[in-house]
>>> print(open('coords_36.cif').read())   # mmCIF, C-alpha atoms
data_model
#
loop_
_atom_site.label_atom_id
_atom_site.label_comp_id
_atom_site.auth_asym_id
_atom_site.auth_seq_id
_atom_site.Cartn_x
_atom_site.Cartn_y
_atom_site.Cartn_z
CA MET O 1 -4.83 -6.61 -36.13
CA ALA O 2 -7.36 -9.21 -34.99
CA GLY O 3 -6.65 -10.61 -31.58
CA VAL O 4 -6.48 -14.31 -30.77
CA SER O 5 -7.28 -15.84 -27.39
CA PHE O 6 -7.82 -19.03 -25.41
CA VAL O 7 -11.39 -20.31 -25.21
CA LYS O 8 -12.17 -21.70 -21.77
CA GLY O 9 -12.71 -19.41 -18.76
CA GLY O 10 -10.77 -16.26 -17.96
CA VAL O 11 -11.71 -12.94 -16.38
CA HIS O 12 -11.37 -9.20 -17.00
CA PRO O 13 -10.02 -7.48 -13.87
CA GLU O 14 -9.43 -3.72 -13.84
CA GLU O 15 -6.02 -3.17 -15.39
CA HIS O 16 -4.64 -0.16 -13.46
CA LYS O 17 -1.79 -0.07 -16.00
CA GLU O 18 -2.39 3.64 -16.60
CA LEU O 19 -0.41 4.32 -13.41
CA THR O 20 2.91 3.25 -14.96
CA GLN O 21 2.59 2.29 -18.64
CA HIS O 22 3.68 5.80 -19.73
CA LEU O 23 6.72 5.88 -17.41
CA PRO O 24 10.11 5.10 -19.03
CA ILE O 25 12.41 2.64 -17.26
CA GLU O 26 14.57 4.50 -14.75
CA GLU O 27 17.68 3.16 -13.04
CA MET O 28 17.65 3.20 -9.27
CA PRO O 29 21.04 3.99 -7.69
CA PRO O 30 22.59 0.91 -6.06
CA PRO O 31 21.83 0.55 -2.35
CA LYS O 32 24.43 0.51 0.44
CA GLU O 33 23.79 -3.20 0.97
CA VAL O 34 22.23 -6.07 -0.99
CA VAL O 35 20.65 -9.27 0.34
CA LEU O 36 21.00 -12.15 -2.13
CA PRO O 37 18.92 -15.24 -1.16
CA LEU O 38 20.38 -18.60 -2.11
CA SER O 39 16.95 -19.65 -3.47
CA MET O 40 15.99 -17.41 -6.38
CA HIS O 41 15.10 -20.16 -8.81
CA PHE O 42 13.16 -23.38 -9.22
CA GLY O 43 15.29 -26.22 -7.88
CA ALA O 44 17.93 -26.73 -5.22
CA PRO O 45 19.32 -23.74 -3.25
CA ALA O 46 22.69 -22.49 -4.42
CA LYS O 47 25.78 -23.07 -2.25
CA PRO O 48 28.03 -20.10 -1.42
CA ILE O 49 31.51 -20.05 -2.95
CA VAL O 50 32.49 -16.91 -1.02
CA GLY O 51 33.06 -16.31 2.68
CA LYS O 52 32.57 -13.55 5.21
CA LYS O 53 34.79 -10.46 4.70
CA GLN O 54 35.67 -11.60 1.16
CA GLU O 55 35.77 -8.87 -1.48
CA VAL O 56 33.63 -9.41 -4.59
CA ARG O 57 33.11 -7.56 -7.84
CA GLU O 58 29.82 -6.73 -9.52
CA GLY O 59 28.96 -9.71 -11.72
CA ASP O 60 31.16 -12.23 -9.88
CA PRO O 61 29.58 -15.66 -9.18
CA ILE O 62 29.01 -16.02 -5.41
CA ALA O 63 26.87 -19.18 -5.18
CA VAL O 64 26.42 -22.20 -7.47
CA VAL O 65 24.29 -25.32 -7.90
CA GLU O 66 26.61 -28.12 -9.03
CA LYS O 67 24.68 -31.36 -9.50
CA ALA O 68 21.00 -30.47 -9.01
CA LEU O 69 18.55 -28.27 -10.91
CA GLY O 70 19.33 -24.62 -10.25
CA ALA O 71 21.11 -21.45 -11.34
CA THR O 72 24.27 -19.54 -10.43
CA ILE O 73 23.89 -16.39 -8.32
CA HIS O 74 26.10 -13.36 -8.99
CA SER O 75 26.98 -10.35 -6.89
CA SER O 76 24.95 -7.32 -7.95
CA VAL O 77 27.45 -4.83 -6.48
CA THR O 78 31.17 -4.48 -5.83
CA GLY O 79 31.91 -4.73 -2.13
CA THR O 80 32.54 -7.00 0.85
CA VAL O 81 30.60 -10.03 2.05
CA LYS O 82 29.14 -8.89 5.37
CA ALA O 83 27.40 -12.11 6.40
CA ILE O 84 25.77 -15.36 5.21
CA GLU O 85 22.66 -15.83 7.32
CA PRO O 86 18.85 -16.32 7.20
CA ARG O 87 16.95 -13.27 5.93
CA PRO O 88 13.31 -12.61 4.88
CA HIS O 89 12.29 -14.10 1.51
CA PRO O 90 9.28 -13.07 -0.64
CA ILE O 91 7.93 -16.63 -0.93
CA MET O 92 9.83 -18.88 1.48
CA VAL O 93 9.38 -16.50 4.48
CA ARG O 94 13.07 -16.92 5.44
CA CYS O 95 16.05 -18.23 3.53
CA ASP O 96 19.85 -18.23 3.82
CA ALA O 97 21.26 -15.22 2.01
CA ILE O 98 24.59 -13.59 1.19
CA ILE O 99 24.70 -9.99 2.42
CA ILE O 100 27.15 -7.71 0.59
CA GLU O 101 28.11 -4.20 1.70
CA ARG O 102 28.72 -2.05 -1.38
CA ASP O 103 31.95 -0.16 -1.93
CA PRO O 104 30.74 3.38 -2.75
CA ALA O 105 34.00 4.20 -4.54
CA ALA O 106 33.79 1.28 -6.97
CA PRO O 107 32.81 2.20 -10.56
CA PRO O 108 30.01 0.30 -12.33
CA ARG O 109 31.04 -2.84 -14.23
CA GLN O 110 31.43 -2.24 -17.96
CA TYR O 111 30.66 -4.84 -20.63
CA GLU O 112 31.76 -4.92 -24.26
CA SER O 113 29.38 -6.11 -26.95
CA GLU O 114 30.20 -8.72 -29.60
CA ASP O 115 28.40 -10.38 -32.51
CA TRP O 116 26.56 -13.45 -31.21
CA ARG O 117 26.22 -14.92 -34.72
CA SER O 118 29.80 -16.19 -34.66
CA LEU O 119 29.03 -18.34 -31.59
CA THR O 120 27.92 -21.96 -31.75
CA ARG O 121 24.69 -23.24 -30.19
CA GLU O 122 26.74 -24.83 -27.41
CA GLN O 123 28.57 -21.56 -26.71
CA LEU O 124 25.30 -19.61 -26.57
CA LEU O 125 23.78 -22.14 -24.19
CA GLY O 126 26.92 -21.99 -22.05
CA ARG O 127 26.66 -18.22 -21.76
CA VAL O 128 23.01 -18.48 -20.69
CA ARG O 129 23.96 -21.09 -18.08
CA ASP O 130 26.96 -19.14 -16.78
CA SER O 131 24.84 -15.98 -16.49
CA GLY O 132 22.41 -17.58 -14.03
CA ILE O 133 19.33 -16.75 -16.09
CA VAL O 134 15.95 -18.06 -14.93
CA GLY O 135 12.41 -17.54 -16.18
CA LEU O 136 11.52 -13.99 -15.19
CA GLY O 137 7.79 -14.41 -15.68
CA GLY O 138 7.53 -15.74 -12.14
CA ALA O 139 8.36 -19.46 -12.14
CA GLY O 140 12.15 -19.03 -12.04
CA PHE O 141 12.91 -22.23 -13.98
CA PRO O 142 16.59 -22.33 -15.05
CA THR O 143 16.67 -21.08 -18.63
CA HIS O 144 19.60 -23.20 -19.82
CA VAL O 145 17.58 -26.31 -18.93
CA LYS O 146 14.51 -24.99 -20.72
CA LEU O 147 16.63 -24.35 -23.83
CA SER O 148 17.82 -27.97 -23.79
CA PRO O 149 14.63 -29.95 -24.54
CA PRO O 150 14.95 -33.71 -25.13
CA PRO O 151 15.59 -34.57 -28.81
CA ALA O 152 12.34 -36.55 -28.93
CA ALA O 153 10.41 -33.31 -28.34
CA LYS O 154 11.13 -32.07 -31.91
CA VAL O 155 10.47 -28.43 -30.97
CA ASP O 156 9.52 -26.29 -33.98
CA THR O 157 8.16 -23.04 -32.49
CA LEU O 158 9.40 -20.44 -30.00
CA ILE O 159 6.80 -18.22 -28.33
CA LEU O 160 7.80 -14.97 -26.63
CA ASN O 161 5.28 -14.06 -23.94
CA GLY O 162 4.55 -10.33 -24.22
CA ALA O 163 1.01 -10.62 -22.86
CA GLU O 164 1.78 -9.18 -19.41
CA CYS O 165 -1.84 -9.79 -18.47
CA GLU O 166 -1.46 -9.19 -14.72
CA PRO O 167 -3.03 -5.88 -13.64
CA TYR O 168 -0.63 -3.03 -12.73
CA LEU O 169 2.51 -4.65 -14.22
CA THR O 170 4.10 -2.81 -17.17
CA THR O 171 7.78 -3.84 -17.24
CA ASP O 172 7.56 -6.10 -20.31
CA HIS O 173 5.52 -3.39 -22.04
CA ARG O 174 8.26 -0.82 -21.43
CA ILE O 175 11.04 -3.23 -22.49
CA MET O 176 9.26 -3.95 -25.80
CA LEU O 177 8.69 -0.23 -26.31
CA GLU O 178 12.15 0.99 -25.34
CA GLN O 179 14.36 -1.90 -26.46
CA PRO O 180 12.50 -3.68 -29.29
CA ALA O 181 15.67 -4.39 -31.29
CA LYS O 182 17.21 -6.26 -28.34
CA VAL O 183 14.01 -8.28 -27.92
CA ILE O 184 14.07 -9.29 -31.60
CA GLU O 185 17.78 -10.15 -31.47
CA GLY O 186 17.17 -12.08 -28.25
CA ALA O 187 14.49 -14.08 -30.05
CA LYS O 188 16.93 -14.96 -32.82
CA ILE O 189 19.59 -15.97 -30.29
CA ILE O 190 17.09 -18.37 -28.71
CA LEU O 191 16.11 -19.72 -32.15
CA LYS O 192 19.76 -20.47 -32.95
CA THR O 193 20.25 -22.07 -29.54
CA LEU O 194 17.23 -24.32 -30.11
CA GLY O 195 18.15 -24.99 -33.73
CA ILE O 196 14.73 -23.89 -35.05
CA LYS O 197 13.49 -21.10 -37.33
CA LYS O 198 10.05 -19.88 -36.16
CA CYS O 199 9.17 -17.42 -33.40
CA ILE O 200 5.81 -15.81 -32.53
CA ILE O 201 5.72 -12.86 -30.15
CA GLY O 202 2.30 -12.67 -28.48
CA VAL O 203 1.31 -9.21 -27.23
CA GLU O 204 -2.06 -8.16 -25.80
CA LEU O 205 -3.87 -5.51 -27.84
CA ASN O 206 -3.78 -3.02 -24.96
CA LYS O 207 -0.13 -2.41 -25.92
CA PRO O 208 -0.44 -1.12 -29.52
CA ASP O 209 2.68 1.03 -29.19
CA ALA O 210 4.76 -2.02 -28.26
CA ILE O 211 3.31 -4.02 -31.18
CA ASN O 212 4.20 -1.15 -33.54
CA ALA O 213 7.72 -0.82 -32.11
CA LEU O 214 8.44 -4.53 -32.61
CA ASN O 215 7.00 -4.52 -36.12
CA LYS O 216 9.11 -1.50 -37.11
CA VAL O 217 12.26 -3.35 -36.06
CA LEU O 218 11.15 -6.46 -37.97
CA GLU O 219 10.58 -4.39 -41.13
CA LYS O 220 14.19 -3.19 -41.03
CA ALA O 221 15.73 -6.35 -39.60
CA ARG O 222 18.57 -8.18 -41.27
CA ARG O 223 17.25 -10.76 -43.70
CA ASP O 224 17.98 -14.33 -42.69
CA ASP O 225 16.25 -17.69 -42.59
CA MET O 226 14.56 -17.02 -39.24
CA SER O 227 10.86 -16.14 -39.11
CA VAL O 228 9.87 -13.76 -36.29
CA SER O 229 6.34 -12.35 -36.22
CA VAL O 230 4.12 -10.41 -33.81
CA GLN O 231 0.58 -11.57 -33.01
CA GLY O 232 -1.91 -9.41 -31.15
CA MET O 233 -4.03 -11.11 -28.50
CA ARG O 234 -7.34 -10.14 -26.96
CA VAL O 235 -7.17 -8.60 -23.51
CA LYS O 236 -8.22 -11.38 -21.14
CA TYR O 237 -6.64 -12.77 -18.00
CA PRO O 238 -4.68 -15.17 -17.84
CA GLN O 239 -3.68 -14.71 -21.49
CA GLY O 240 0.01 -14.98 -20.53
CA SER O 241 -0.25 -18.40 -18.87
CA GLU O 242 1.80 -20.94 -20.85
CA LYS O 243 -0.95 -23.36 -21.78
CA GLN O 244 -3.45 -20.60 -22.64
CA LEU O 245 -0.79 -18.68 -24.60
CA ILE O 246 0.22 -21.75 -26.61
CA PHE O 247 -3.40 -22.53 -27.50
CA ALA O 248 -4.12 -18.92 -28.49
CA LEU O 249 -1.06 -18.63 -30.77
CA THR O 250 -0.78 -22.14 -32.23
CA GLY O 251 -4.06 -23.96 -31.54
CA ARG O 252 -2.08 -26.72 -29.80
CA SER O 253 -3.30 -28.08 -26.44
CA VAL O 254 -0.71 -29.10 -23.86
CA PRO O 255 -1.90 -32.40 -22.32
CA GLY O 256 -2.69 -32.70 -18.62
CA GLY O 257 0.55 -33.02 -16.68
CA GLY O 258 2.47 -32.19 -19.85
CA LEU O 259 4.96 -29.48 -20.77
CA PRO O 260 5.10 -27.07 -23.74
CA PHE O 261 7.73 -29.15 -25.52
CA ASP O 262 5.18 -32.01 -25.60
CA VAL O 263 3.47 -29.95 -28.35
CA ALA O 264 6.80 -28.86 -29.92
CA VAL O 265 6.80 -25.37 -28.32
CA ILE O 266 9.19 -23.47 -26.03
CA VAL O 267 7.91 -20.32 -24.25
CA GLN O 268 10.09 -17.49 -22.97
CA ASN O 269 9.19 -14.26 -21.21
CA ILE O 270 10.15 -10.85 -22.70
CA SER O 271 12.35 -9.92 -19.72
CA THR O 272 14.06 -13.33 -19.92
CA THR O 273 14.71 -12.75 -23.62
CA LEU O 274 16.42 -9.43 -22.85
CA ALA O 275 18.59 -11.18 -20.24
CA ILE O 276 19.52 -13.84 -22.83
CA PHE O 277 20.49 -11.09 -25.29
CA GLU O 278 22.77 -9.47 -22.70
CA ALA O 279 24.33 -12.82 -21.78
CA ALA O 280 25.00 -13.79 -25.40
CA THR O 281 26.31 -10.44 -26.62
CA MET O 282 28.07 -9.09 -23.49
CA GLN O 283 28.45 -12.12 -21.18
CA LYS O 284 26.55 -10.07 -18.61
CA PRO O 285 25.08 -12.16 -15.76
CA LEU O 286 21.54 -11.69 -14.47
CA TYR O 287 21.88 -9.44 -11.42
CA GLU O 288 19.65 -6.50 -12.40
CA LYS O 289 15.85 -6.44 -12.65
CA VAL O 290 13.31 -4.22 -14.35
CA MET O 291 10.17 -4.20 -12.21
CA THR O 292 7.01 -2.16 -11.79
CA VAL O 293 6.37 -0.34 -8.51
CA SER O 294 2.74 0.71 -8.46
CA GLY O 295 -0.44 1.16 -6.47
CA ARG O 296 -1.90 4.17 -4.74
CA GLY O 297 -0.16 3.34 -1.48
CA VAL O 298 3.27 4.57 -2.67
CA ARG O 299 4.01 8.25 -3.26
CA ARG O 300 5.60 7.75 -6.69
CA GLN O 301 4.99 4.91 -9.14
CA ALA O 302 7.79 3.79 -11.47
CA ASN O 303 9.25 1.16 -13.76
CA LEU O 304 12.59 0.65 -12.04
CA LYS O 305 15.80 -1.09 -13.02
CA VAL O 306 17.23 -2.26 -9.69
CA LYS O 307 20.03 -4.45 -8.40
CA VAL O 308 18.87 -7.92 -7.40
CA GLY O 309 19.08 -8.04 -3.62
CA THR O 310 17.79 -4.51 -3.05
CA VAL O 311 15.42 -4.60 -0.07
CA LEU O 312 11.95 -3.11 -0.41
CA SER O 313 12.60 -0.44 2.21
CA ASP O 314 15.33 1.04 -0.01
CA VAL O 315 12.93 1.05 -2.98
CA VAL O 316 10.28 2.81 -0.88
CA ASP O 317 12.77 5.42 0.33
CA TYR O 318 13.89 6.12 -3.24
CA LEU O 319 10.29 6.69 -4.32
CA GLY O 320 9.42 9.04 -1.49
CA GLY O 321 7.78 6.69 0.98
CA THR O 322 4.29 5.25 1.31
CA THR O 323 0.96 7.04 1.74
CA ASP O 324 -1.27 7.02 4.83
CA ASP O 325 -3.78 4.93 2.85
CA LEU O 326 -1.46 1.90 2.41
CA VAL O 327 -3.22 -1.31 3.49
CA LYS O 328 -1.40 -4.12 1.64
CA ILE O 329 2.00 -4.82 0.04
CA VAL O 330 2.22 -7.46 -2.71
CA THR O 331 5.23 -8.76 -4.62
CA GLY O 332 4.19 -9.66 -8.16
CA GLY O 333 0.74 -8.89 -9.55
CA PRO O 334 -2.53 -8.75 -7.59
CA MET O 335 -3.82 -12.02 -9.10
CA MET O 336 -0.82 -14.31 -8.51
CA GLY O 337 1.42 -12.30 -6.20
CA PHE O 338 2.24 -12.79 -2.52
CA ALA O 339 1.31 -10.42 0.32
CA MET O 340 4.29 -9.13 2.31
CA SER O 341 4.40 -8.37 6.02
CA SER O 342 7.80 -6.63 5.98
CA LEU O 343 9.75 -4.12 3.90
CA GLU O 344 12.97 -6.01 4.64
CA VAL O 345 12.23 -8.53 1.87
CA PRO O 346 14.74 -8.33 -1.02
CA VAL O 347 14.07 -8.08 -4.74
CA VAL O 348 14.89 -11.48 -6.26
CA LYS O 349 15.40 -12.54 -9.88
CA THR O 350 11.70 -13.35 -10.34
CA THR O 351 10.29 -10.15 -8.79
CA SER O 352 8.15 -8.64 -11.58
CA GLY O 353 6.64 -5.90 -9.46
CA ILE O 354 5.87 -4.53 -6.02
CA LEU O 355 2.38 -3.21 -5.36
CA PHE O 356 1.48 -0.83 -2.55
CA LEU O 357 -2.29 -1.04 -2.49
CA GLY O 358 -4.60 1.53 -0.94
CA SER O 359 -7.95 0.95 0.73
CA LYS O 360 -9.89 1.31 -2.54
CA GLU O 361 -7.64 -1.19 -4.35
CA THR O 362 -8.09 -4.20 -2.08
CA ASP O 363 -10.90 -5.96 -0.25
CA LEU O 364 -10.03 -7.01 3.30
CA SER O 365 -13.51 -8.24 4.25
CA PRO O 366 -13.70 -11.81 5.67
CA HIS O 367 -14.81 -14.66 3.40
CA GLY O 368 -18.03 -16.60 3.81
CA PRO O 369 -19.25 -20.13 3.07
CA CYS O 370 -19.55 -21.44 -0.50
CA ILE O 371 -22.99 -20.63 -1.98
CA HIS O 372 -22.54 -23.12 -4.86
CA CYS O 373 -23.07 -20.48 -7.55
CA GLY O 374 -20.58 -22.17 -9.91
CA TRP O 375 -18.92 -18.92 -10.98
CA CYS O 376 -15.45 -20.29 -10.12
CA ILE O 377 -16.00 -23.30 -12.37
CA GLU O 378 -17.04 -21.03 -15.22
CA ALA O 379 -14.03 -18.74 -14.74
CA CYS O 380 -11.36 -21.44 -14.38
CA PRO O 381 -9.25 -21.57 -17.59
CA MET O 382 -8.31 -25.18 -16.80
CA GLY O 383 -11.90 -26.37 -16.37
CA LEU O 384 -11.38 -27.40 -12.72
CA SER O 385 -13.76 -27.37 -9.72
CA PRO O 386 -12.27 -24.84 -7.28
CA LYS O 387 -15.33 -24.78 -5.02
CA GLU O 388 -15.05 -28.50 -4.32
CA VAL O 389 -11.35 -28.16 -3.52
CA GLY O 390 -12.15 -25.42 -0.99
CA ILE O 391 -14.91 -27.42 0.68
CA TYR O 392 -12.70 -30.50 1.00
CA VAL O 393 -9.78 -28.49 2.42
CA GLU O 394 -12.02 -26.90 5.05
CA ALA O 395 -13.15 -30.40 6.01
CA GLY O 396 -9.54 -31.56 6.42
CA ARG O 397 -9.69 -33.72 3.28
CA GLY O 398 -7.43 -31.78 0.94
CA HIS O 399 -5.56 -34.96 0.03
CA LEU O 400 -8.71 -36.24 -1.72
CA THR O 401 -8.98 -33.37 -4.24
CA GLU O 402 -6.93 -34.82 -7.11
CA LYS O 403 -10.21 -35.96 -8.67
CA PHE O 404 -11.16 -32.29 -9.01
CA GLY O 405 -7.95 -31.56 -10.95
CA VAL O 406 -6.18 -29.59 -8.23
CA MET O 407 -2.71 -30.68 -9.44
CA GLU O 408 -3.45 -28.97 -12.78
CA CYS O 409 -4.19 -25.67 -11.01
CA PHE O 410 -1.55 -23.02 -11.75
CA GLU O 411 -3.00 -20.62 -9.16
CA CYS O 412 -4.04 -17.87 -11.55
CA GLY O 413 -6.67 -16.54 -9.12
CA CYS O 414 -9.61 -16.35 -11.55
CA CYS O 415 -11.75 -18.40 -9.15
CA ALA O 416 -11.09 -16.15 -6.16
CA PHE O 417 -11.61 -13.05 -8.30
CA VAL O 418 -15.19 -13.98 -9.26
CA CYS O 419 -16.23 -15.60 -5.95
CA PRO O 420 -19.11 -13.58 -4.40
CA ALA O 421 -18.30 -15.09 -0.99
CA LYS O 422 -14.67 -13.82 -1.25
CA ARG O 423 -13.35 -17.32 -0.53
CA PRO O 424 -9.53 -17.75 -0.67
CA LEU O 425 -9.76 -20.45 -3.31
CA VAL O 426 -6.13 -20.14 -4.46
CA GLN O 427 -4.90 -20.65 -0.91
CA PHE O 428 -7.21 -23.66 -0.58
CA ALA O 429 -5.68 -25.12 -3.76
CA ARG O 430 -2.15 -24.57 -2.43
CA LEU O 431 -3.02 -26.29 0.85
CA ALA O 432 -4.57 -29.23 -1.04
CA LYS O 433 -1.47 -29.67 -3.19
CA MET O 434 0.79 -29.49 -0.15
CA ASP O 435 -1.33 -32.15 1.56
CA ILE O 436 -1.22 -34.44 -1.49
CA LYS O 437 2.56 -34.08 -1.87
CA ARG O 438 3.17 -34.60 1.85
CA ARG O 439 1.13 -37.79 1.95
CA GLY O 440 2.68 -38.98 -1.29
CA ALA O 441 6.16 -38.53 0.17
#
>>> encode(input="coords_36.cif", output="structure tokens")
Amino acid sequence: MAGVSFVKGGVHPEEHKELTQHLPIEEMPPPKEVVLPLSMHFGAPAKPIVGKKQEVREGDPIAVVEKALGATIHSSVTGTVKAIEPRPHPIMVRCDAIIIERDPAAPPRQYESEDWRSLTREQLLGRVRDSGIVGLGGAGFPTHVKLSPPPAAKVDTLILNGAECEPYLTTDHRIMLEQPAKVIEGAKIILKTLGIKKCIIGVELNKPDAINALNKVLEKARRDDMSVSVQGMRVKYPQGSEKQLIFALTGRSVPGGGLPFDVAVIVQNISTTLAIFEAATMQKPLYEKVMTVSGRGVRRQANLKVKVGTVLSDVVDYLGGTTDDLVKIVTGGPMMGFAMSSLEVPVVKTTSGILFLGSKETDLSPHGPCIHCGWCIEACPMGLSPKEVGIYVEAGRGHLTEKFGVMECFECGCCAFVCPAKRPLVQFARLAKMDIKRRGA
């Protein structure tokens, strides 16, 4: 299978996927307590609909967003609300959260499956909304909103993002390998919800077993008027970024400041597709996560299915602790993830992985001045000028960097990866965007 790709920029970091790609998904026992932040999605924080000492069941809604953009939050365990108070958050530093103490005697919630084909598009969309599903590739955009594009968009193609181009991460790989039939059915559920017929599943060629598993299901799949196909893609970071993925698979270019539906495309992540399948067929809310725990700073690597709200310290204890060589903890992948200073941070809906990096896996040396080599410009998949953004930010002029395209930056990290001076170019871009937005407000 010949691989397709985007054209401009990109890098080839060491993959490190050999640490976990062979490990089947295992289910971590539920912790004694879960911490459920009220911000686990793009949009307004959810508002609690439960109070202290109230008993809740696994899967019950506990916080909702009524009039703004957002997603419902559900309890991931059966137990008692212990508190509603600020707790550590993987991105926001601290955030109000609902803390639930689990009832150890309560049995797991059971769900019955039904045929989704008898449901209308409106019913399917309602189940996605009621299940609190958000984009699990990292952005956390409410999925029911994404599946309701404006009629003028005239969407004709669904893309499932199976690239998983971030180093270390292997959860989507394992889901495609272990549950390919659910991924294919999930794709068809989305097609019916959107009212379209065509889906392309893009998978990087370093996952041949996943490509074969999906194709085997498609060969035996029920014949209908929906077209689902698998397309291999060359191994290059950031192959899984929306705009790069769309160009690679369709040849369409999303305009600056535009969205995928501007070129008649909707993109969904593999993990999100599985969550949509479970919502449509079982009415199961999103309160469990498959994530990769990797790096040479943890004693045992794994692809874990965990309850949302599980704190990192419980994950570490389950896997046997950390090694003496641990120097950095990252939630997400090494290119776009966030460094953590505490193990008391909870797993949220968008947590794709937790990396415990050893001394040979990370560079902690200080950065130097820009040497104007231009490598960052060459590597940037958006054709921006990261070096200029960094220089302006250091000079206190971050608000003047729009002319260098900083608002189009999606913080993939290619620029920082190739920089010989080890400059924190992604952080510079974030600071510039914050400055522009603050002054604009």
>>> resolve_selection(input="coords_36.cif", expression="the PyMOL selection byres ((chain O and resi 225) around 12)", output="NGL selection string")
:O and (188 or 191-192 or 195-199 or 221-224 or 226-228)
>>> closest_residue(input="coords_36.cif", among="O:Lys422, O:Lys307, O:Lys146, O:Lys387", to="Gly59 in chain O", atoms="all atoms listed in the file")
O:Lys307
>>> closest_residue(input="coords_36.cif", among="O:Glu185, O:Glu33, O:Glu166, O:Asp435", to="Val11 in chain O", atoms="only C-alpha atoms")
O:Glu166
>>> closest_residue(input="coords_36.cif", among="O:Leu357, O:Leu38, O:Leu124, O:Ile49", to="Asp325 in chain O", atoms="only C-alpha atoms")
O:Leu357
>>> resolve_selection(input="coords_36.cif", expression="the PyMOL selection byres ((chain O and resi 391) around 12)", output="list in words")
Gly368, Pro369, Cys370, Ile371, His372, Ser385, Pro386, Lys387, Glu388, Val389, Gly390, Tyr392, Val393, Glu394, Ala395, Gly396, Arg397, Gly398, Leu400, Thr401, Phe404, Arg423, Pro424, Leu425, Phe428, Ala429, Leu431 and Ala432 of chain O
>>> resolve_selection(input="coords_36.cif", expression="the PyMOL selection byres ((chain O and resi 209) around 12)", output="list of chain:residue names")
O:Gln21, O:His22, O:His173, O:Arg174, O:Ile175, O:Met176, O:Leu177, O:Glu178, O:Pro180, O:Val203, O:Glu204, O:Leu205, O:Asn206, O:Lys207, O:Pro208, O:Ala210, O:Ile211, O:Asn212, O:Ala213, O:Leu214, O:Asn215, O:Lys216, O:Gly232
>>> residues_around(input="coords_36.cif", residues="Val35 in chain O", least_positions_apart="3", cutoff="7 Å", atoms="only C-alpha atoms", output="ChimeraX atom specification")
/O:97-100,309-310,346
>>> write_last_selection(input="coords_36.cif", atoms="C-alpha atoms", output="PDB file, keeping the file's coordinate frame")
ATOM      1  CA  ALA O  97      21.260 -15.220   2.010  1.00  0.00           C
ATOM      2  CA  ILE O  98      24.590 -13.590   1.190  1.00  0.00           C
ATOM      3  CA  ILE O  99      24.700  -9.990   2.420  1.00  0.00           C
ATOM      4  CA  ILE O 100      27.150  -7.710   0.590  1.00  0.00           C
ATOM      5  CA  GLY O 309      19.080  -8.040  -3.620  1.00  0.00           C
ATOM      6  CA  THR O 310      17.790  -4.510  -3.050  1.00  0.00           C
ATOM      7  CA  PRO O 346      14.740  -8.330  -1.020  1.00  0.00           C
TER       8      PRO O 346
END
>>> residues_around(input="coords_36.cif", residues="range 147-163 of chain O", least_positions_apart="4", cutoff="6 Å", atoms="only C-alpha atoms", output="NGL selection string")
:O and (196 or 198-204 or 240 or 261 or 264-270)
>>> write_last_selection(input="coords_36.cif", atoms="C-alpha atoms", output="tab-separated table (two decimals), keeping the file's coordinate frame")
chain	number	residue	atom	x	y	z
O	196	ILE	CA	14.73	-23.89	-35.05
O	198	LYS	CA	10.05	-19.88	-36.16
O	199	CYS	CA	9.17	-17.42	-33.40
O	200	ILE	CA	5.81	-15.81	-32.53
O	201	ILE	CA	5.72	-12.86	-30.15
O	202	GLY	CA	2.30	-12.67	-28.48
O	203	VAL	CA	1.31	-9.21	-27.23
O	204	GLU	CA	-2.06	-8.16	-25.80
O	240	GLY	CA	0.01	-14.98	-20.53
O	261	PHE	CA	7.73	-29.15	-25.52
O	264	ALA	CA	6.80	-28.86	-29.92
O	265	VAL	CA	6.80	-25.37	-28.32
O	266	ILE	CA	9.19	-23.47	-26.03
O	267	VAL	CA	7.91	-20.32	-24.25
O	268	GLN	CA	10.09	-17.49	-22.97
O	269	ASN	CA	9.19	-14.26	-21.21
O	270	ILE	CA	10.15	-10.85	-22.70
>>> residues_around(input="coords_36.cif", residues="Val298 in chain O", least_positions_apart="3", cutoff="9 Å", atoms="all atoms listed in the file", output="PyMOL selection string")
chain O and resi 293-295+301+316+319-323+325-326+355-358
>>> write_last_selection(input="coords_36.cif", atoms="C-alpha atoms", output="CSV table (one decimal), in the frame of the given file")
chain,number,residue,atom,x,y,z
O,293,VAL,CA,6.4,-0.3,-8.5
O,294,SER,CA,2.7,0.7,-8.5
O,295,GLY,CA,-0.4,1.2,-6.5
O,301,GLN,CA,5.0,4.9,-9.1
O,316,VAL,CA,10.3,2.8,-0.9
O,319,LEU,CA,10.3,6.7,-4.3
O,320,GLY,CA,9.4,9.0,-1.5
O,321,GLY,CA,7.8,6.7,1.0
O,322,THR,CA,4.3,5.2,1.3
O,323,THR,CA,1.0,7.0,1.7
O,325,ASP,CA,-3.8,4.9,2.8
O,326,LEU,CA,-1.5,1.9,2.4
O,355,LEU,CA,2.4,-3.2,-5.4
O,356,PHE,CA,1.5,-0.8,-2.6
O,357,LEU,CA,-2.3,-1.0,-2.5
O,358,GLY,CA,-4.6,1.5,-0.9
